[in-house]
Structures are given as C-alpha cells and as structure tokens.
$ cat target27.pdb   # PDB, C-alpha atoms
ATOM      1  CA  HIS A   1      -7.148  -1.349 -18.726
ATOM      2  CA  GLN A   2      -4.084   0.475 -20.190
ATOM      3  CA  ALA A   3      -6.138   3.646 -20.714
ATOM      4  CA  ALA A   4      -7.291   3.493 -17.110
ATOM      5  CA  GLN A   5      -3.717   3.107 -15.848
ATOM      6  CA  LYS A   6      -2.543   6.109 -17.857
ATOM      7  CA  THR A   7      -5.358   8.355 -16.660
ATOM      8  CA  ALA A   8      -4.978   7.124 -13.071
ATOM      9  CA  GLN A   9      -1.293   7.996 -13.074
ATOM     10  CA  GLY A  10      -2.242  11.392 -14.486
ATOM     11  CA  TYR A  11      -4.764  11.899 -11.656
ATOM     12  CA  ALA A  12      -7.769  12.178 -14.041
ATOM     13  CA  ALA A  13      -9.887  10.388 -11.458
ATOM     14  CA  ALA A  14     -13.351  10.698 -13.005
ATOM     15  CA  GLU A  15     -12.061   9.565 -16.388
ATOM     16  CA  THR A  16     -10.230   6.658 -14.752
ATOM     17  CA  VAL A  17     -13.428   5.444 -13.079
ATOM     18  CA  ALA A  18     -15.202   5.575 -16.440
ATOM     19  CA  HIS A  19     -12.460   3.549 -18.172
ATOM     20  CA  LEU A  20     -12.353   0.970 -15.396
ATOM     21  CA  THR A  21     -16.122   0.600 -15.249
ATOM     22  CA  GLN A  22     -16.206   0.071 -19.004
ATOM     23  CA  ALA A  23     -13.395  -2.498 -18.824
ATOM     24  CA  LEU A  24     -15.186  -4.406 -16.060
ATOM     25  CA  SER A  25     -18.390  -4.448 -18.100
ATOM     26  CA  LEU A  26     -16.524  -6.023 -21.037
ATOM     27  CA  LEU A  27     -14.859  -8.798 -19.048
ATOM     28  CA  PRO A  28     -17.832 -11.229 -19.241
ATOM     29  CA  GLN A  29     -17.147 -11.431 -22.971
ATOM     30  CA  ILE A  30     -13.881 -13.230 -22.178
ATOM     31  CA  PRO A  31     -14.120 -16.940 -21.291
ATOM     32  CA  GLU A  32     -13.644 -17.655 -17.597
ATOM     33  CA  SER A  33     -10.066 -18.529 -16.667
ATOM     34  CA  PRO A  34      -7.548 -17.841 -13.887
ATOM     35  CA  GLN A  35      -6.048 -15.104 -16.075
ATOM     36  CA  ARG A  36      -9.404 -13.378 -16.453
ATOM     37  CA  GLY A  37      -9.860 -13.524 -12.695
ATOM     38  CA  LEU A  38      -6.533 -11.768 -12.156
ATOM     39  CA  GLN A  39      -7.398  -9.175 -14.813
ATOM     40  CA  GLU A  40     -10.661  -8.412 -13.048
ATOM     41  CA  ALA A  41      -8.854  -8.229  -9.706
ATOM     42  CA  GLU A  42      -6.325  -5.783 -11.169
ATOM     43  CA  LEU A  43      -9.162  -3.582 -12.454
ATOM     44  CA  GLN A  44     -10.874  -3.638  -9.054
ATOM     45  CA  ILE A  45      -7.576  -2.719  -7.365
ATOM     46  CA  LEU A  46      -7.145   0.233  -9.726
ATOM     47  CA  LEU A  47     -10.752   1.234  -9.072
ATOM     48  CA  GLY A  48     -10.186   1.093  -5.323
ATOM     49  CA  ALA A  49      -7.062   3.239  -5.588
ATOM     50  CA  THR A  50      -8.934   5.764  -7.732
ATOM     51  CA  TYR A  51     -11.784   5.967  -5.234
ATOM     52  CA  VAL A  52      -9.190   6.645  -2.529
ATOM     53  CA  ASN A  53      -8.108   9.731  -4.501
ATOM     54  CA  ILE A  54     -11.700  10.868  -5.016
ATOM     55  CA  ARG A  55     -13.420   9.953  -1.755
ATOM     56  CA  GLY A  56     -10.739   9.052   0.767
ATOM     57  CA  TYR A  57      -9.458   5.815   2.294
ATOM     58  CA  GLY A  58     -12.572   5.256   4.410
ATOM     59  CA  SER A  59     -15.094   5.317   1.542
ATOM     60  CA  ASP A  60     -17.491   2.382   1.175
ATOM     61  CA  ASP A  61     -16.625   2.320  -2.541
ATOM     62  CA  VAL A  62     -12.984   1.722  -1.606
ATOM     63  CA  GLN A  63     -13.935  -1.204   0.615
ATOM     64  CA  GLN A  64     -16.223  -2.676  -2.053
ATOM     65  CA  ALA A  65     -13.597  -2.562  -4.818
ATOM     66  CA  TYR A  66     -10.804  -4.060  -2.720
ATOM     67  CA  THR A  67     -13.109  -6.706  -1.252
ATOM     68  CA  LYS A  68     -14.116  -7.831  -4.755
ATOM     69  CA  ALA A  69     -10.460  -7.944  -5.776
ATOM     70  CA  TRP A  70      -9.540  -9.975  -2.692
ATOM     71  CA  ALA A  71     -12.363 -12.464  -3.321
ATOM     72  CA  LEU A  72     -11.145 -12.968  -6.902
ATOM     73  CA  CYS A  73      -7.528 -13.405  -5.806
ATOM     74  CA  GLN A  74      -8.430 -15.985  -3.180
ATOM     75  CA  GLN A  75      -9.443 -18.308  -5.999
ATOM     76  CA  GLN A  76      -5.879 -18.219  -7.356
ATOM     77  CA  GLU A  77      -2.358 -18.952  -6.171
ATOM     78  CA  PRO A  78      -0.775 -16.157  -4.044
ATOM     79  CA  SER A  79      -0.085 -13.176  -6.303
ATOM     80  CA  PRO A  80       0.931  -9.497  -6.133
ATOM     81  CA  GLN A  81      -2.737  -8.686  -6.793
ATOM     82  CA  LEU A  82      -3.714 -10.609  -3.657
ATOM     83  CA  PHE A  83      -1.265  -8.575  -1.603
ATOM     84  CA  ARG A  84      -2.370  -5.257  -3.103
ATOM     85  CA  SER A  85      -6.057  -6.005  -2.591
ATOM     86  CA  LEU A  86      -5.343  -6.805   1.055
ATOM     87  CA  TRP A  87      -3.213  -3.674   1.356
ATOM     88  CA  GLY A  88      -6.193  -1.644   0.130
ATOM     89  CA  LEU A  89      -8.444  -3.235   2.744
ATOM     90  CA  TRP A  90      -5.757  -2.707   5.367
ATOM     91  CA  THR A  91      -5.691   1.053   4.681
ATOM     92  CA  PHE A  92      -9.501   1.160   4.742
ATOM     93  CA  TYR A  93      -9.728  -0.472   8.166
ATOM     94  CA  LEU A  94      -6.736   1.479   9.492
ATOM     95  CA  ILE A  95      -8.511   4.768   8.768
ATOM     96  CA  ARG A  96     -11.551   3.405  10.581
ATOM     97  CA  SER A  97      -9.379   2.335  13.549
ATOM     98  CA  GLU A  98     -10.671  -1.242  13.413
ATOM     99  CA  LEU A  99      -7.538  -2.704  14.962
ATOM    100  CA  THR A 100      -8.867  -6.240  15.420
ATOM    101  CA  THR A 101      -9.582  -6.496  11.696
ATOM    102  CA  ILE A 102      -6.236  -4.878  10.877
ATOM    103  CA  LEU A 103      -4.434  -7.497  12.980
ATOM    104  CA  GLU A 104      -6.078 -10.306  11.005
ATOM    105  CA  ILE A 105      -5.256  -8.644   7.679
ATOM    106  CA  ASN A 106      -1.664  -8.083   8.785
ATOM    107  CA  LYS A 107      -1.249 -11.803   9.459
ATOM    108  CA  ILE A 108      -2.394 -12.582   5.914
ATOM    109  CA  LEU A 109      -0.207  -9.808   4.447
ATOM    110  CA  MET A 110       2.852 -11.292   6.139
ATOM    111  CA  SER A 111       1.953 -14.789   4.953
ATOM    112  CA  VAL A 112       1.411 -13.683   1.342
ATOM    113  CA  ALA A 113       4.614 -11.621   1.375
ATOM    114  CA  SER A 114       6.549 -14.647   2.635
ATOM    115  CA  SER A 115       5.051 -16.845  -0.112
ATOM    116  CA  LEU A 116       5.863 -14.390  -2.901
ATOM    117  CA  ASN A 117       9.326 -13.515  -1.569
ATOM    118  CA  ASP A 118       9.243 -10.210  -3.446
ATOM    119  CA  PRO A 119      11.406  -7.577  -1.690
ATOM    120  CA  ILE A 120       9.016  -4.686  -2.355
ATOM    121  CA  ILE A 121       6.040  -6.668  -1.079
ATOM    122  CA  LEU A 122       8.065  -7.826   1.940
ATOM    123  CA  MET A 123       8.996  -4.193   2.595
ATOM    124  CA  TYR A 124       5.374  -3.061   2.601
ATOM    125  CA  SER A 125       4.290  -5.975   4.792
ATOM    126  CA  GLN A 126       6.822  -4.775   7.396
ATOM    127  CA  THR A 127       5.461  -1.234   6.992
ATOM    128  CA  ALA A 128       1.958  -2.505   7.744
ATOM    129  CA  MET A 129       3.227  -4.157  10.927
ATOM    130  CA  THR A 130       4.942  -0.901  11.886
ATOM    131  CA  ALA A 131       1.649   0.985  11.737
ATOM    132  CA  LEU A 132      -0.254  -1.733  13.591
ATOM    133  CA  TYR A 133       2.140  -1.807  16.529
ATOM    134  CA  TYR A 134       2.293   1.981  16.733
ATOM    135  CA  TRP A 135      -1.480   2.212  17.125
ATOM    136  CA  GLN A 136      -1.393  -0.617  19.659
ATOM    137  CA  GLY A 137       1.169   1.352  21.666
ATOM    138  CA  ALA A 138       3.834  -1.348  21.288
ATOM    139  CA  LEU A 139       6.675   1.026  20.447
ATOM    140  CA  PRO A 140       9.589  -1.464  20.631
ATOM    141  CA  LEU A 141       7.817  -3.719  18.117
ATOM    142  CA  GLN A 142       6.915  -0.697  15.991
ATOM    143  CA  GLU A 143      10.581   0.330  15.871
ATOM    144  CA  SER A 144      11.673  -3.226  15.082
ATOM    145  CA  TYR A 145       9.392  -3.562  12.046
ATOM    146  CA  ALA A 146      10.222  -0.052  10.847
ATOM    147  CA  GLU A 147      13.909  -0.997  10.869
ATOM    148  CA  LYS A 148      13.159  -4.181   8.906
ATOM    149  CA  ALA A 149      11.267  -2.207   6.256
ATOM    150  CA  ILE A 150      13.921   0.469   5.851
ATOM    151  CA  ALA A 151      16.657  -2.183   5.740
ATOM    152  CA  ILE A 152      15.037  -3.723   2.643
ATOM    153  CA  TYR A 153      14.619  -0.250   1.138
ATOM    154  CA  ARG A 154      18.299   0.519   1.627
ATOM    155  CA  GLN A 155      19.464  -2.905   0.497
ATOM    156  CA  MET A 156      17.663  -2.387  -2.810
ATOM    157  CA  GLU A 157      19.010   1.196  -3.027
ATOM    158  CA  PHE A 158      15.416   2.107  -3.745
ATOM    159  CA  ASP A 159      15.991   5.854  -3.638
ATOM    160  CA  LYS A 160      18.302   5.647  -6.674
ATOM    161  CA  TYR A 161      15.493   4.426  -8.925
ATOM    162  CA  PRO A 162      12.846   7.127  -9.503
ATOM    163  CA  GLN A 163      10.612   4.772 -11.495
ATOM    164  CA  LYS A 164      10.470   2.331  -8.574
ATOM    165  CA  ILE A 165       9.603   5.153  -6.173
ATOM    166  CA  ALA A 166       6.821   6.384  -8.461
ATOM    167  CA  ALA A 167       5.429   2.868  -9.016
ATOM    168  CA  ALA A 168       5.459   2.035  -5.292
ATOM    169  CA  CYS A 169       3.780   5.329  -4.350
ATOM    170  CA  TYR A 170       1.149   4.717  -7.035
ATOM    171  CA  GLU A 171       0.458   1.123  -5.940
ATOM    172  CA  TYR A 172       0.715   1.529  -2.158
ATOM    173  CA  GLY A 173       0.043   5.222  -1.584
ATOM    174  CA  GLN A 174       3.288   5.877   0.275
ATOM    175  CA  ASP A 175       7.063   5.824   0.115
ATOM    176  CA  VAL A 176       8.642   3.564   2.745
ATOM    177  CA  GLN A 177      11.503   5.949   3.486
ATOM    178  CA  GLN A 178       9.036   8.760   4.202
ATOM    179  CA  SER A 179       6.951   6.417   6.339
ATOM    180  CA  TYR A 180      10.073   5.496   8.285
ATOM    181  CA  ALA A 181      10.674   9.181   9.063
ATOM    182  CA  ILE A 182       7.054   9.713  10.114
ATOM    183  CA  TRP A 183       6.940   6.699  12.444
ATOM    184  CA  GLY A 184      10.351   7.644  13.815
ATOM    185  CA  ALA A 185       9.111  11.137  14.663
ATOM    186  CA  PHE A 186       5.977   9.757  16.321
ATOM    187  CA  CYS A 187       7.995   7.280  18.354
ATOM    188  CA  GLY A 188      10.468   9.971  19.446
ATOM    189  CA  TRP A 189       7.599  12.218  20.505
ATOM    190  CA  HIS A 190       6.132   9.491  22.724
ATOM    191  CA  LYS A 191       9.555   8.969  24.283
ATOM    192  CA  GLY A 192      10.040  12.685  24.895
ATOM    193  CA  ASP A 193      13.120  12.730  22.660
ATOM    194  CA  SER A 194      12.786  16.090  20.896
ATOM    195  CA  ASP A 195      16.128  15.791  19.069
ATOM    196  CA  HIS A 196      14.979  12.490  17.571
ATOM    197  CA  VAL A 197      11.699  14.090  16.459
ATOM    198  CA  VAL A 198      13.380  17.098  14.860
ATOM    199  CA  ALA A 199      15.908  14.923  13.009
ATOM    200  CA  HIS A 200      13.152  12.766  11.535
ATOM    201  CA  ILE A 201      11.072  15.806  10.565
ATOM    202  CA  HIS A 202      14.049  17.315   8.723
ATOM    203  CA  ASP A 203      14.541  13.976   6.953
ATOM    204  CA  LEU A 204      10.870  13.913   6.012
ATOM    205  CA  LEU A 205      10.962  17.411   4.512
ATOM    206  CA  THR A 206      14.011  16.530   2.432
ATOM    207  CA  LEU A 207      12.505  13.213   1.308
ATOM    208  CA  SER A 208       9.169  14.807   0.435
ATOM    209  CA  ALA A 209      10.864  17.240  -1.931
ATOM    210  CA  HIS A 210      12.824  14.348  -3.472
ATOM    211  CA  VAL A 211       9.842  12.006  -3.940
ATOM    212  CA  GLN A 212       7.580  14.775  -5.229
ATOM    213  CA  LYS A 213       9.723  14.973  -8.364
ATOM    214  CA  TYR A 214       8.669  11.478  -9.392
ATOM    215  CA  VAL A 215       5.010  11.129  -8.436
TER     216      VAL A 215
END

$ encode --input "target27.pdb" --output "structure tokens"
Amino acid sequence: HQAAQKTAQGYAAAETVAHLTQALSLLPQIPESPQRGLQEAELQILLGATYVNIRGYGSDDVQQAYTKAWALCQQQEPSPQLFRSLWGLWTFYLIRSELTTILEINKILMSVASSLNDPIILMYSQTAMTALYYWQGALPLQESYAEKAIAIYRQMEFDKYPQKIAAACYEYGQDVQQSYAIWGAFCGWHKGDSDHVVAHIHDLLTLSAHVQKYV
C-alpha cells in the first residue's frame, strides 16, 4: 500500500498498478474486519485514480475500481474513503455526461460530507454541485455553490499550505481555487461579460503556475 502511494505520487503509473494489484491479492490473508474493508477500499480508490492517469476518467477500469470501493465503504460507517469513492464515480459519469446519475451521486456526496463535517470534503462536495448546475444550465445555482466552495478554501487559508494543495490535487484531481476560476470564466462567457472572463483567466494562469510547484 505505501509503495503504491509513493509510486502513484511519482506518476509511475504502471508500477503503481502492479503494487496495488499485488496488495489486493494479499488482502484475503488478513481476517475479515471493518478495518480490512477500508484498507481494500483505499487500494481500490488508489487503483481508480491511477487508471484515470493511464486511461482517462471515462475508462471502464476507473468505474470498476471506484464501484468496488464504494460497495466496500457502504458496509461501514460514513468515511473519507466513501466520499472519495463516490467522487471517483462522479468524475466518471460527469465525463460521460450522465447527468441523471450525477445528480443522484451529488445527493449522496452532500449527505456524506455533512455527516463527516470535514472542511476539505465539504469544499469538494460544493465543487461537485457547482459542476452539476453548470451543465444543467442553472447559472445562479452554479455561482452560489462555487462561492460556498471558495469560501471554505479561503477560510482555511488553503493556498498557504503547499502540502494540503498537493494532497487535495492528488486525491481529487483538482484544486478548488483553480476550479473556481474556470467556472467563473465559463459563467462570465455565458453572460457575455468579457471583463469577467478575462479576469478569471488571468487568475487561472497565475494559480496554475503556483499549484504546479507542489504537484
């Protein structure tokens, strides 16, 4: 598991898959327990994230890994692993434009985030709602959830902690502050507000250079 995490963070994707597959094959040697279930879920989540890097968000392997992780997590109390497995499925269905499924996943994401009361998880649940409402064309709701997400980001002073930025990008595939700039630019474009678009694009370029140092 630790070897897989290190290689995953170093982008050695093929090696990561090998480590994770080996770890999963060894798990049956451990007596069944809630802890083993969470360990297996964590491995499946890492496998899903690695397949995203190799084959893209819409790969069947991505769906399979995150679905297995979600099934394992459903047998336990709400956990960060449950949220991350759902986040992986959310990205899979978002890429495939299956908005009905995304809506159902978003409801569960919000519920899990509320149960865990973890600010980073709450922040990403708001980000998921931002994307959903953008693709539904509900721009006022999209803006509202984007503001909620960035408010948590700023309250935590997230940008002052490079390790948090790197960890969040690794676990969720995006930085919330960059996402805020992207959705802001899209929203401005739909409204015909070119100044708004340009301002957000400049922010995004600056943020990209900043985040790239840590991931």

$ atom_distance --input "target27.pdb" --atom1 "CA of Gln64 (chain A)" --atom2 "CA of Ala168 (chain A)"
22.4 Å

$ closest_residue --input "target27.pdb" --among "A:Trp183, A:Tyr66, A:Tyr134, A:Tyr172" --to "Ile45 (chain A)" --atoms "only C-alpha atoms"
A:Tyr66

$ resolve_selection --input "target27.pdb" --expression "the PyMOL selection byres ((chain A and resi 204-210) around 12)" --output "JSON, numbers by chain"
{"A": [159, 160, 161, 162, 165, 166, 169, 174, 175, 176, 177, 178, 179, 180, 181, 182, 183, 184, 185, 197, 198, 199, 200, 201, 202, 203, 211, 212, 213, 214, 215]}

$ write_last_selection --input "target27.pdb" --atoms "C-alpha atoms" --output "PDB file, keeping the file's coordinate frame"
ATOM      1  CA  ASP A 159      15.991   5.854  -3.638  1.00  0.00           C
ATOM      2  CA  LYS A 160      18.302   5.647  -6.674  1.00  0.00           C
ATOM      3  CA  TYR A 161      15.493   4.426  -8.925  1.00  0.00           C
ATOM      4  CA  PRO A 162      12.846   7.127  -9.503  1.00  0.00           C
ATOM      5  CA  ILE A 165       9.603   5.153  -6.173  1.00  0.00           C
ATOM      6  CA  ALA A 166       6.821   6.384  -8.461  1.00  0.00           C
ATOM      7  CA  CYS A 169       3.780   5.329  -4.350  1.00  0.00           C
ATOM      8  CA  GLN A 174       3.288   5.877   0.275  1.00  0.00           C
ATOM      9  CA  ASP A 175       7.063   5.824   0.115  1.00  0.00           C
ATOM     10  CA  VAL A 176       8.642   3.564   2.745  1.00  0.00           C
ATOM     11  CA  GLN A 177      11.503   5.949   3.486  1.00  0.00           C
ATOM     12  CA  GLN A 178       9.036   8.760   4.202  1.00  0.00           C
ATOM     13  CA  SER A 179       6.951   6.417   6.339  1.00  0.00           C
ATOM     14  CA  TYR A 180      10.073   5.496   8.285  1.00  0.00           C
ATOM     15  CA  ALA A 181      10.674   9.181   9.063  1.00  0.00           C
ATOM     16  CA  ILE A 182       7.054   9.713  10.114  1.00  0.00           C
ATOM     17  CA  TRP A 183       6.940   6.699  12.444  1.00  0.00           C
ATOM     18  CA  GLY A 184      10.351   7.644  13.815  1.00  0.00           C
ATOM     19  CA  ALA A 185       9.111  11.137  14.663  1.00  0.00           C
ATOM     20  CA  VAL A 197      11.699  14.090  16.459  1.00  0.00           C
ATOM     21  CA  VAL A 198      13.380  17.098  14.860  1.00  0.00           C
ATOM     22  CA  ALA A 199      15.908  14.923  13.009  1.00  0.00           C
ATOM     23  CA  HIS A 200      13.152  12.766  11.535  1.00  0.00           C
ATOM     24  CA  ILE A 201      11.072  15.806  10.565  1.00  0.00           C
ATOM     25  CA  HIS A 202      14.049  17.315   8.723  1.00  0.00           C
ATOM     26  CA  ASP A 203      14.541  13.976   6.953  1.00  0.00           C
ATOM     27  CA  VAL A 211       9.842  12.006  -3.940  1.00  0.00           C
ATOM     28  CA  GLN A 212       7.580  14.775  -5.229  1.00  0.00           C
ATOM     29  CA  LYS A 213       9.723  14.973  -8.364  1.00  0.00           C
ATOM     30  CA  TYR A 214       8.669  11.478  -9.392  1.00  0.00           C
ATOM     31  CA  VAL A 215       5.010  11.129  -8.436  1.00  0.00           C
TER      32      VAL A 215
END

$ closest_residue --input "target27.pdb" --among "A:Tyr124, A:Tyr57, A:Tyr145, A:Tyr51" --to "Pro80 (chain A)" --atoms "only C-alpha atoms"
A:Tyr124

$ residues_around --input "target27.pdb" --residues "Tyr93 (chain A)" --least-positions-apart "6" --cutoff "8 Å" --atoms "all atoms listed in the file" --output "ChimeraX atom specification"
/A:58,99,101-102

$ atom_distance --input "target27.pdb" --atom1 "CA of Gln63 (chain A)" --atom2 "CA of His19 (chain A)"
19.4 Å

$ closest_residue --input "target27.pdb" --among "A:Ile108, A:Cys73, A:Leu141, A:Leu47" --to "Pro34 (chain A)" --atoms "all atoms listed in the file"
A:Cys73

$ closest_residue --input "target27.pdb" --among "A:Leu94, A:Leu132, A:Ala149, A:Leu139" --to "Ile120 (chain A)" --atoms "all atoms listed in the file"
A:Ala149

$ closest_residue --input "target27.pdb" --among "A:Ser144, A:Thr67, A:Thr127, A:Ser79" --to "Ser115 (chain A)" --atoms "all atoms listed in the file"
A:Ser79

$ closest_residue --input "target27.pdb" --among "A:Val112, A:Phe92, A:Gln163, A:Leu103" --to "Ser59 (chain A)" --atoms "only C-alpha atoms"
A:Phe92

$ resolve_selection --input "target27.pdb" --expression "the PyMOL selection byres ((chain A and resi 21-28) around 12)" --output "PyMOL selection string"
chain A and resi 1-5+14-20+29-33+35-48+50+65+68-69

$ atom_distance --input "target27.pdb" --atom1 "CA of Tyr133 (chain A)" --atom2 "CA of Tyr170 (chain A)"
24.5 Å

$ decode --input "target27.pdb" --residues "region 118-129 of chain A" --atoms "N, CA, C and O atoms" --output "mmCIF file, in the first residue's frame"
data_model
loop_
_atom_site.group_PDB
_atom_site.id
_atom_site.type_symbol
_atom_site.label_atom_id
_atom_site.label_comp_id
_atom_site.auth_asym_id
_atom_site.auth_seq_id
_atom_site.Cartn_x
_atom_site.Cartn_y
_atom_site.Cartn_z
ATOM 1 N N ASP A 118 -16.038 17.424 7.571
ATOM 2 C CA ASP A 118 -14.628 17.711 7.278
ATOM 3 C C ASP A 118 -14.597 18.861 6.274
ATOM 4 O O ASP A 118 -15.211 18.776 5.211
ATOM 5 N N PRO A 119 -13.890 19.962 6.567
ATOM 6 C CA PRO A 119 -13.951 21.128 5.677
ATOM 7 C C PRO A 119 -13.482 20.860 4.251
ATOM 8 O O PRO A 119 -14.058 21.400 3.298
ATOM 9 N N ILE A 120 -12.466 20.020 4.081
ATOM 10 C CA ILE A 120 -11.988 19.730 2.727
ATOM 11 C C ILE A 120 -13.035 18.928 1.960
ATOM 12 O O ILE A 120 -13.335 19.210 0.792
ATOM 13 N N ILE A 121 -13.635 17.947 2.624
ATOM 14 C CA ILE A 121 -14.677 17.155 1.978
ATOM 15 C C ILE A 121 -15.913 18.017 1.690
ATOM 16 O O ILE A 121 -16.508 17.923 0.608
ATOM 17 N N LEU A 122 -16.271 18.889 2.626
ATOM 18 C CA LEU A 122 -17.381 19.817 2.372
ATOM 19 C C LEU A 122 -17.085 20.706 1.164
ATOM 20 O O LEU A 122 -17.958 20.953 0.328
ATOM 21 N N MET A 123 -15.842 21.161 1.069
ATOM 22 C CA MET A 123 -15.428 22.028 -0.034
ATOM 23 C C MET A 123 -15.583 21.320 -1.381
ATOM 24 O O MET A 123 -16.108 21.888 -2.352
ATOM 25 N N TYR A 124 -15.172 20.061 -1.440
ATOM 26 C CA TYR A 124 -15.282 19.332 -2.701
ATOM 27 C C TYR A 124 -16.726 18.921 -3.008
ATOM 28 O O TYR A 124 -17.097 18.796 -4.186
ATOM 29 N N SER A 125 -17.547 18.740 -1.992
ATOM 30 C CA SER A 125 -18.958 18.461 -2.262
ATOM 31 C C SER A 125 -19.619 19.676 -2.910
ATOM 32 O O SER A 125 -20.448 19.537 -3.816
ATOM 33 N N GLN A 126 -19.245 20.880 -2.461
ATOM 34 C CA GLN A 126 -19.774 22.110 -3.073
ATOM 35 C C GLN A 126 -19.256 22.260 -4.503
ATOM 36 O O GLN A 126 -19.976 22.732 -5.393
ATOM 37 N N THR A 127 -18.010 21.844 -4.732
ATOM 38 C CA THR A 127 -17.435 21.896 -6.080
ATOM 39 C C THR A 127 -18.196 20.974 -7.024
ATOM 40 O O THR A 127 -18.443 21.319 -8.193
ATOM 41 N N ALA A 128 -18.579 19.809 -6.530
ATOM 42 C CA ALA A 128 -19.359 18.872 -7.348
ATOM 43 C C ALA A 128 -20.711 19.482 -7.727
ATOM 44 O O ALA A 128 -21.169 19.358 -8.874
ATOM 45 N N MET A 129 -21.345 20.158 -6.782
ATOM 46 C CA MET A 129 -22.618 20.813 -7.073
ATOM 47 C C MET A 129 -22.437 21.945 -8.082
ATOM 48 O O MET A 129 -23.302 22.169 -8.943
#
